[in-house]
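Trainee: input_19.cif is the file, holding mmCIF, C-alpha atoms:
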```
data_run
loop_
_atom_site.group_PDB
_atom_site.id
_atom_site.type_symbol
_atom_site.label_atom_id
_atom_site.label_comp_id
_atom_site.auth_asym_id
_atom_site.auth_seq_id
_atom_site.Cartn_x
_atom_site.Cartn_y
_atom_site.Cartn_z
ATOM 1 C CA MET A 1 118.077 49.501 43.844
ATOM 2 C CA SER A 2 116.284 46.626 45.540
ATOM 3 C CA PHE A 3 116.890 42.996 46.423
ATOM 4 C CA THR A 4 114.451 40.128 46.276
ATOM 5 C CA THR A 5 113.911 38.171 49.473
ATOM 6 C CA GLN A 6 116.010 35.010 49.649
ATOM 7 C CA GLN A 7 116.564 32.558 52.474
ATOM 8 C CA ILE A 8 120.308 32.770 51.833
ATOM 9 C CA LEU A 9 121.516 36.275 52.658
ATOM 10 C CA ILE A 10 125.284 36.146 52.176
ATOM 11 C CA GLU A 11 127.489 33.770 50.222
ATOM 12 C CA LEU A 12 131.268 33.777 50.113
ATOM 13 C CA GLU A 13 132.897 31.465 47.597
ATOM 14 C CA ASN A 14 136.673 30.889 47.617
ATOM 15 C CA VAL A 15 137.278 34.412 48.915
ATOM 16 C CA ASN A 16 140.826 35.655 49.354
ATOM 17 C CA GLN A 17 141.905 39.001 50.755
ATOM 18 C CA CYS A 18 145.527 40.092 50.736
ATOM 19 C CA TYR A 19 147.315 43.337 51.492
ATOM 20 C CA THR A 20 150.689 44.512 50.278
ATOM 21 C CA ILE A 21 152.773 46.448 52.780
ATOM 22 C CA GLY A 22 156.120 47.436 51.351
ATOM 23 C CA ASN A 23 157.643 44.251 49.965
ATOM 24 C CA HIS A 24 155.442 41.994 52.051
ATOM 25 C CA THR A 25 152.101 40.422 51.212
ATOM 26 C CA ILE A 26 149.725 39.602 54.051
ATOM 27 C CA ASP A 27 147.012 37.011 53.482
ATOM 28 C CA ALA A 28 144.111 38.172 55.641
ATOM 29 C CA LEU A 29 141.597 35.680 54.210
ATOM 30 C CA THR A 30 142.461 32.457 52.400
ATOM 31 C CA ASP A 31 139.929 30.491 50.348
ATOM 32 C CA VAL A 32 136.954 31.294 52.587
ATOM 33 C CA THR A 33 133.660 29.695 51.569
ATOM 34 C CA LEU A 34 130.635 30.448 53.722
ATOM 35 C CA THR A 35 126.834 30.655 53.471
ATOM 36 C CA ILE A 36 124.716 32.688 55.897
ATOM 37 C CA GLN A 37 121.000 32.050 56.202
ATOM 38 C CA HIS A 38 118.337 34.529 57.214
ATOM 39 C CA GLY A 39 117.708 34.575 60.973
ATOM 40 C CA GLU A 40 120.985 33.044 62.127
ATOM 41 C CA PHE A 41 123.001 34.253 65.097
ATOM 42 C CA ILE A 42 126.625 33.736 64.104
ATOM 43 C CA VAL A 43 129.595 34.234 66.395
ATOM 44 C CA VAL A 44 133.034 34.532 64.792
ATOM 45 C CA MET A 45 135.960 33.777 67.087
ATOM 46 C CA GLY A 46 139.710 33.466 66.707
ATOM 47 C CA PRO A 47 142.993 34.964 67.862
ATOM 48 C CA SER A 48 144.049 38.489 66.985
ATOM 49 C CA GLY A 49 144.991 38.715 63.323
ATOM 50 C CA SER A 50 142.991 35.642 62.324
ATOM 51 C CA GLY A 51 140.874 37.573 59.822
ATOM 52 C CA LYS A 52 137.672 38.087 61.805
ATOM 53 C CA SER A 53 137.241 41.816 61.168
ATOM 54 C CA THR A 54 138.402 41.461 57.567
ATOM 55 C CA LEU A 55 135.666 38.872 57.073
ATOM 56 C CA LEU A 56 133.045 41.364 58.293
ATOM 57 C CA ASN A 57 134.444 44.121 56.088
ATOM 58 C CA VAL A 58 134.319 41.925 52.997
ATOM 59 C CA MET A 59 130.773 40.794 53.778
ATOM 60 C CA ALA A 60 129.671 44.417 54.140
ATOM 61 C CA GLY A 61 131.352 45.594 50.956
ATOM 62 C CA LEU A 62 133.622 47.877 52.948
ATOM 63 C CA GLU A 63 136.494 46.055 51.248
ATOM 64 C CA ARG A 64 136.410 44.396 47.851
ATOM 65 C CA SER A 65 137.920 40.923 48.031
ATOM 66 C CA SER A 66 141.137 40.220 46.151
ATOM 67 C CA SER A 67 139.522 37.181 44.526
ATOM 68 C CA GLY A 68 136.507 34.931 44.892
ATOM 69 C CA ALA A 69 132.824 35.834 44.976
ATOM 70 C CA VAL A 70 130.869 37.706 47.663
ATOM 71 C CA ARG A 71 127.112 37.772 47.109
ATOM 72 C CA PHE A 72 124.370 39.495 49.085
ATOM 73 C CA ARG A 73 120.948 38.079 48.220
ATOM 74 C CA GLN A 74 122.482 36.834 44.981
ATOM 75 C CA ALA A 75 123.859 40.270 44.059
ATOM 76 C CA ASN A 76 127.589 40.037 43.331
ATOM 77 C CA LEU A 77 129.275 42.783 45.355
ATOM 78 C CA ALA A 78 132.228 42.824 42.939
ATOM 79 C CA ILE A 79 130.109 44.357 40.179
ATOM 80 C CA LEU A 80 128.153 46.822 42.314
ATOM 81 C CA SER A 81 129.114 50.480 41.994
ATOM 82 C CA ASP A 82 130.227 52.487 45.010
ATOM 83 C CA PRO A 83 126.786 54.192 45.248
ATOM 84 C CA GLU A 84 125.089 50.781 45.140
ATOM 85 C CA LEU A 85 127.368 49.470 47.883
ATOM 86 C CA SER A 86 126.608 52.568 49.955
ATOM 87 C CA TRP A 87 122.875 51.938 49.478
ATOM 88 C CA LEU A 88 123.308 48.337 50.630
ATOM 89 C CA ARG A 89 125.213 49.345 53.768
ATOM 90 C CA ARG A 90 122.740 52.109 54.561
ATOM 91 C CA HIS A 91 119.542 50.103 54.140
ATOM 92 C CA GLN A 92 120.388 46.427 54.504
ATOM 93 C CA LEU A 93 123.165 46.364 57.109
ATOM 94 C CA GLY A 94 123.509 47.746 60.620
ATOM 95 C CA PHE A 95 126.897 48.159 62.294
ATOM 96 C CA VAL A 96 127.831 47.939 65.976
ATOM 97 C CA PHE A 97 131.391 48.866 66.965
ATOM 98 C CA GLN A 98 133.658 48.043 69.895
ATOM 99 C CA PHE A 99 134.321 51.702 70.711
ATOM 100 C CA PHE A 100 130.745 52.843 69.985
ATOM 101 C CA ASN A 101 131.633 55.497 67.338
ATOM 102 C CA LEU A 102 128.967 57.888 68.617
ATOM 103 C CA HIS A 103 129.076 61.513 67.475
ATOM 104 C CA PRO A 104 130.300 63.350 70.604
ATOM 105 C CA VAL A 105 128.220 66.517 70.191
ATOM 106 C CA LEU A 106 124.936 64.737 69.430
ATOM 107 C CA SER A 107 122.516 63.447 72.047
ATOM 108 C CA ALA A 108 121.567 59.780 72.240
ATOM 109 C CA LEU A 109 118.395 60.543 70.300
ATOM 110 C CA GLU A 110 120.280 62.481 67.620
ATOM 111 C CA ASN A 111 122.880 59.724 67.257
ATOM 112 C CA VAL A 112 120.113 57.213 66.561
ATOM 113 C CA GLU A 113 118.502 59.637 64.105
ATOM 114 C CA LEU A 114 121.723 60.150 62.156
ATOM 115 C CA PRO A 115 121.459 57.168 59.746
ATOM 116 C CA MET A 116 117.886 58.172 58.927
ATOM 117 C CA LEU A 117 118.941 61.788 58.381
ATOM 118 C CA ILE A 118 121.592 60.617 55.910
ATOM 119 C CA SER A 119 118.943 58.484 54.187
ATOM 120 C CA GLY A 120 116.629 61.474 53.781
ATOM 121 C CA VAL A 121 113.950 60.400 56.261
ATOM 122 C CA LYS A 122 111.657 63.254 57.313
ATOM 123 C CA ARG A 123 112.325 64.742 60.725
ATOM 124 C CA LYS A 124 108.985 63.839 62.306
ATOM 125 C CA TYR A 125 109.332 60.166 61.396
ATOM 126 C CA ARG A 126 112.991 59.833 62.327
ATOM 127 C CA GLU A 127 112.442 61.414 65.780
ATOM 128 C CA GLN A 128 109.569 59.009 66.429
ATOM 129 C CA ARG A 129 111.571 56.037 65.184
ATOM 130 C CA ALA A 130 114.657 57.018 67.214
ATOM 131 C CA LEU A 131 112.598 57.298 70.403
ATOM 132 C CA GLU A 132 111.010 53.901 69.743
ATOM 133 C CA LEU A 133 114.454 52.361 69.349
ATOM 134 C CA LEU A 134 115.823 53.987 72.503
ATOM 135 C CA THR A 135 112.776 52.613 74.319
ATOM 136 C CA LEU A 136 113.559 49.175 72.879
ATOM 137 C CA VAL A 137 117.046 49.310 74.440
ATOM 138 C CA ASN A 138 115.704 50.841 77.695
ATOM 139 C CA LEU A 139 117.314 54.247 77.221
ATOM 140 C CA GLU A 140 114.362 56.506 76.565
ATOM 141 C CA LYS A 141 115.066 58.405 79.799
ATOM 142 C CA ARG A 142 118.591 59.182 78.590
ATOM 143 C CA LYS A 143 117.586 60.420 75.150
ATOM 144 C CA HIS A 144 118.929 63.967 75.648
ATOM 145 C CA HIS A 145 122.249 62.907 77.183
ATOM 146 C CA LEU A 146 125.512 63.331 75.286
ATOM 147 C CA PRO A 147 127.845 60.326 74.884
ATOM 148 C CA HIS A 148 130.232 61.538 77.608
ATOM 149 C CA GLU A 149 127.296 61.492 80.033
ATOM 150 C CA LEU A 150 126.565 57.816 79.345
ATOM 151 C CA SER A 151 128.187 54.681 80.718
ATOM 152 C CA GLY A 152 129.920 52.231 78.396
ATOM 153 C CA GLY A 153 126.930 49.913 78.388
ATOM 154 C CA GLU A 154 124.576 52.794 77.664
ATOM 155 C CA LYS A 155 126.764 53.962 74.784
ATOM 156 C CA GLN A 156 126.657 50.494 73.273
ATOM 157 C CA ARG A 157 122.880 50.384 73.632
ATOM 158 C CA VAL A 158 122.702 53.659 71.723
ATOM 159 C CA GLY A 159 125.005 52.076 69.143
ATOM 160 C CA ILE A 160 122.642 49.116 68.764
ATOM 161 C CA ALA A 161 119.625 51.413 68.475
ATOM 162 C CA ARG A 162 121.483 53.386 65.791
ATOM 163 C CA ALA A 163 122.292 50.152 63.940
ATOM 164 C CA LEU A 164 118.546 49.401 63.814
ATOM 165 C CA ALA A 165 117.554 52.865 62.571
ATOM 166 C CA ASN A 166 116.998 51.930 58.920
ATOM 167 C CA ASP A 167 115.567 48.490 59.781
ATOM 168 C CA PRO A 168 118.467 46.423 58.416
ATOM 169 C CA VAL A 169 118.282 42.740 57.568
ATOM 170 C CA ILE A 170 121.665 42.013 59.160
ATOM 171 C CA ILE A 171 123.514 43.471 62.139
ATOM 172 C CA LEU A 172 127.307 43.204 61.972
ATOM 173 C CA ALA A 173 128.853 43.605 65.415
ATOM 174 C CA ASP A 174 132.643 43.852 65.700
ATOM 175 C CA GLU A 175 133.705 43.122 69.305
ATOM 176 C CA PRO A 176 130.580 44.802 70.763
ATOM 177 C CA THR A 177 131.523 43.718 74.297
ATOM 178 C CA GLY A 178 135.273 44.292 73.971
ATOM 179 C CA ASP A 179 135.286 47.586 75.886
ATOM 180 C CA LEU A 180 132.811 46.476 78.567
ATOM 181 C CA ASP A 181 133.048 44.461 81.768
ATOM 182 C CA SER A 182 131.621 40.939 81.712
ATOM 183 C CA THR A 183 128.303 41.819 83.363
ATOM 184 C CA ILE A 184 127.507 44.673 80.980
ATOM 185 C CA GLY A 185 128.891 42.628 78.097
ATOM 186 C CA GLN A 186 126.409 39.876 78.881
ATOM 187 C CA GLU A 187 123.585 42.424 78.863
ATOM 188 C CA ILE A 188 124.635 43.586 75.403
ATOM 189 C CA MET A 189 124.804 40.022 74.087
ATOM 190 C CA ASN A 190 121.378 39.305 75.599
ATOM 191 C CA LEU A 191 120.021 42.359 73.789
ATOM 192 C CA LEU A 192 121.433 41.107 70.478
ATOM 193 C CA LEU A 193 119.938 37.674 71.169
ATOM 194 C CA THR A 194 116.554 39.276 71.816
ATOM 195 C CA LEU A 195 116.729 41.142 68.501
ATOM 196 C CA ASN A 196 117.558 37.874 66.774
ATOM 197 C CA ARG A 197 114.791 35.863 68.401
ATOM 198 C CA THR A 198 111.964 38.407 68.526
ATOM 199 C CA GLN A 199 112.628 40.483 65.409
ATOM 200 C CA GLY A 200 114.342 37.896 63.244
ATOM 201 C CA LYS A 201 117.463 39.989 62.772
ATOM 202 C CA THR A 202 120.407 38.072 61.401
ATOM 203 C CA ILE A 203 123.358 38.750 63.715
ATOM 204 C CA ILE A 204 127.026 38.287 62.832
ATOM 205 C CA CYS A 205 129.131 39.008 65.889
ATOM 206 C CA VAL A 206 132.908 38.987 66.209
ATOM 207 C CA THR A 207 133.990 38.401 69.793
ATOM 208 C CA HIS A 208 136.802 36.911 71.845
ATOM 209 C CA ASP A 209 134.516 36.184 74.827
ATOM 210 C CA ASP A 210 133.442 32.537 74.790
ATOM 211 C CA GLU A 211 131.534 33.107 78.043
ATOM 212 C CA PHE A 212 128.770 34.737 75.979
ATOM 213 C CA LEU A 213 128.115 31.673 73.828
ATOM 214 C CA THR A 214 124.701 30.103 74.176
ATOM 215 C CA SER A 215 122.589 27.345 72.662
ATOM 216 C CA GLY A 216 121.319 28.018 69.157
ATOM 217 C CA MET A 217 124.243 30.156 68.065
ATOM 218 C CA ARG A 218 126.413 29.186 65.123
ATOM 219 C CA LEU A 219 130.094 29.320 66.029
ATOM 220 C CA ILE A 220 132.710 29.951 63.336
ATOM 221 C CA LYS A 221 136.343 29.722 64.417
ATOM 222 C CA MET A 222 139.132 31.299 62.387
ATOM 223 C CA GLU A 223 142.899 30.906 62.325
ATOM 224 C CA ASP A 224 145.372 32.505 59.915
ATOM 225 C CA GLY A 225 142.623 33.824 57.643
ATOM 226 C CA GLN A 226 140.854 30.486 57.320
ATOM 227 C CA ILE A 227 137.698 28.966 58.791
ATOM 228 C CA VAL A 228 138.855 26.012 60.862
ATOM 229 C CA SER A 229 135.462 25.008 62.296
ATOM 230 C CA ASP A 230 131.813 25.868 61.735
ATOM 231 C CA SER A 231 129.154 24.344 63.976
ATOM 232 C CA TYR A 232 125.912 25.013 65.833
ATOM 233 C CA LEU A 233 125.854 25.115 69.623
#
```
The structure given in the file should be rewritten as structure tokens.
Mentor:
Amino acid sequence: MSFTTQQILIELENVNQCYTIGNHTIDALTDVTLTIQHGEFIVVMGPSGSGKSTLLNVMAGLERSSSGAVRFRQANLAILSDPELSWLRRHQLGFVFQFFNLHPVLSALENVELPMLISGVKRKYREQRALELLTLVNLEKRKHHLPHELSGGEKQRVGIARALANDPVIILADEPTGDLDSTIGQEIMNLLLTLNRTQGKTIICVTHDDEFLTSGMRLIKMEDGQIVSDSYL
């Protein structure tokens, strides 16, 4: 499948997401309406349980919303099949995680190659691409190291390189600095900013660290599953 290029990448219209646990219903998202343009750097902030990660999951098609519309480049995620959603996540979205999620027995280079391997990219190309990406994040000299041989900041750089492997339109980062000290966290945020400004990657970043906010970012604040403010810095 393919998508036509649109300035608007993601649209959420009156989206609700609720979970039933026993006899209780939890409203994780309530009537969320949001439009994301190509090239934006969006920071989503809010207290624990405010719906930040659920918002990312719904945007990525990892969860189907309980009601409302979620569209990616005008394609309604609600009517896409599971294989189509998998294609979207593999080729259009890149994911960066708080706890890195690197495969422990693969080297840095092999971890970056993994998304391309799953996508059927030939070995010669994926090795070249993986090395280029490790060079981009200044880790080419650590390419043969296993995750346990890397620092936290280095692991996250590998994670970012892996997220870029299939040249996604959007990078979704869920607390990418949450397991790092403030200095290394700032380096990671600077790297994401560089990808946004030099490569035009749309970044959607969940974080609790307001010290990393900078001019030009769009700040969305959430409380109790709702967007309570949405502004540009």
Trainee: Within 9 Å of (131.0, 40.3, 45.0), in the coordinates the file gives, what residues turn up when you count all atoms listed in the file, written out as a PDB file with C-alpha atoms, keeping the file's coordinate frame?
Mentor:
```
ATOM      1  CA  LEU A  12     131.268  33.777  50.113  1.00  0.00           C
ATOM      2  CA  VAL A  58     134.319  41.925  52.997  1.00  0.00           C
ATOM      3  CA  MET A  59     130.773  40.794  53.778  1.00  0.00           C
ATOM      4  CA  GLY A  61     131.352  45.594  50.956  1.00  0.00           C
ATOM      5  CA  ARG A  64     136.410  44.396  47.851  1.00  0.00           C
ATOM      6  CA  SER A  65     137.920  40.923  48.031  1.00  0.00           C
ATOM      7  CA  GLY A  68     136.507  34.931  44.892  1.00  0.00           C
ATOM      8  CA  ALA A  69     132.824  35.834  44.976  1.00  0.00           C
ATOM      9  CA  VAL A  70     130.869  37.706  47.663  1.00  0.00           C
ATOM     10  CA  ARG A  71     127.112  37.772  47.109  1.00  0.00           C
ATOM     11  CA  PHE A  72     124.370  39.495  49.085  1.00  0.00           C
ATOM     12  CA  ALA A  75     123.859  40.270  44.059  1.00  0.00           C
ATOM     13  CA  ASN A  76     127.589  40.037  43.331  1.00  0.00           C
ATOM     14  CA  LEU A  77     129.275  42.783  45.355  1.00  0.00           C
ATOM     15  CA  ALA A  78     132.228  42.824  42.939  1.00  0.00           C
ATOM     16  CA  ILE A  79     130.109  44.357  40.179  1.00  0.00           C
ATOM     17  CA  LEU A  80     128.153  46.822  42.314  1.00  0.00           C
TER      18      LEU A  80
END
```
Trainee: Which residue, A:Asn14, A:Ser215, A:Asn166, A:Gln186, has the smallest gap to Gly94 in chain A when you use only C-alpha atoms?
Mentor: A:Asn166
Trainee: Determine, counting only C-alpha atoms, which protein, DNA and RNA residues have an atom within 7 Å of an atom of Gly153 in chain A; residues of the same chain fewer than 2 positions away are not included. Present the result as a ChimeraX atom specification.
Mentor: /A:151,155-157,180,184
Trainee: Could you tell me which of A:Leu164, A:Leu109, A:Val158, A:Met45 comes closest to Gln92 in chain A if we count all atoms listed in the file?
Mentor: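 For Gln92 in chain A, the nearest of the given residues is A:Leu164.
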Trainee: Can you pull out every residue within 10 Å of Pro147 in chain A, counting only C-alpha atoms, but drop anything in the same chain fewer than 3 positions away, and send it as a list in words?
Mentor: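 Result of the neighbour search: Phe100, Asn101, Leu102, His103, Pro104, Val105, Leu106, Ser107, Ala108, Asn111, His144, Leu150, Ser151, Gly152, Glu154, Lys155 and Val158 of chain A.
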Trainee: Just range 122-138 of chain A, please, as a short mmCIF file (atom, residue, chain, number, x, y, z; two decimals), in the first residue's frame (only N, CA and C atoms).
Mentor:
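Below you can see selection35.cif, which holds the result:
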```cif
data_model
loop_
_atom_site.label_atom_id
_atom_site.label_comp_id
_atom_site.auth_asym_id
_atom_site.auth_seq_id
_atom_site.Cartn_x
_atom_site.Cartn_y
_atom_site.Cartn_z
N LYS A 122 17.85 -6.14 1.29
CA LYS A 122 19.02 -6.99 1.04
C LYS A 122 20.16 -6.64 1.99
N ARG A 123 20.93 -7.66 2.32
CA ARG A 123 21.96 -7.53 3.36
C ARG A 123 22.96 -6.42 3.05
N LYS A 124 23.44 -6.35 1.82
CA LYS A 124 24.46 -5.35 1.48
C LYS A 124 23.94 -3.95 1.74
N TYR A 125 22.70 -3.67 1.35
CA TYR A 125 22.15 -2.34 1.53
C TYR A 125 21.89 -2.05 3.00
N ARG A 126 21.34 -3.02 3.71
CA ARG A 126 20.99 -2.73 5.11
C ARG A 126 22.23 -2.53 5.98
N GLU A 127 23.35 -3.24 5.69
CA GLU A 127 24.58 -3.02 6.43
C GLU A 127 25.12 -1.62 6.17
N GLN A 128 25.07 -1.20 4.91
CA GLN A 128 25.54 0.14 4.54
C GLN A 128 24.68 1.21 5.20
N ARG A 129 23.37 1.02 5.14
CA ARG A 129 22.44 1.97 5.74
C ARG A 129 22.62 2.05 7.26
N ALA A 130 22.77 0.89 7.90
CA ALA A 130 22.94 0.85 9.36
C ALA A 130 24.21 1.58 9.77
N LEU A 131 25.28 1.39 9.03
CA LEU A 131 26.54 2.07 9.35
C LEU A 131 26.40 3.58 9.16
N GLU A 132 25.70 3.99 8.11
CA GLU A 132 25.46 5.42 7.89
C GLU A 132 24.69 6.03 9.06
N LEU A 133 23.71 5.29 9.56
CA LEU A 133 22.90 5.81 10.66
C LEU A 133 23.69 5.85 11.98
N LEU A 134 24.51 4.84 12.21
CA LEU A 134 25.35 4.88 13.41
C LEU A 134 26.35 6.02 13.33
N THR A 135 26.83 6.33 12.14
CA THR A 135 27.71 7.48 11.95
C THR A 135 26.95 8.77 12.24
N LEU A 136 25.69 8.83 11.81
CA LEU A 136 24.87 10.01 12.05
C LEU A 136 24.72 10.30 13.54
N VAL A 137 24.63 9.23 14.35
CA VAL A 137 24.47 9.42 15.80
C VAL A 137 25.80 9.28 16.54
N ASN A 138 26.91 9.34 15.78
CA ASN A 138 28.27 9.32 16.35
C ASN A 138 28.59 8.04 17.12
#
```
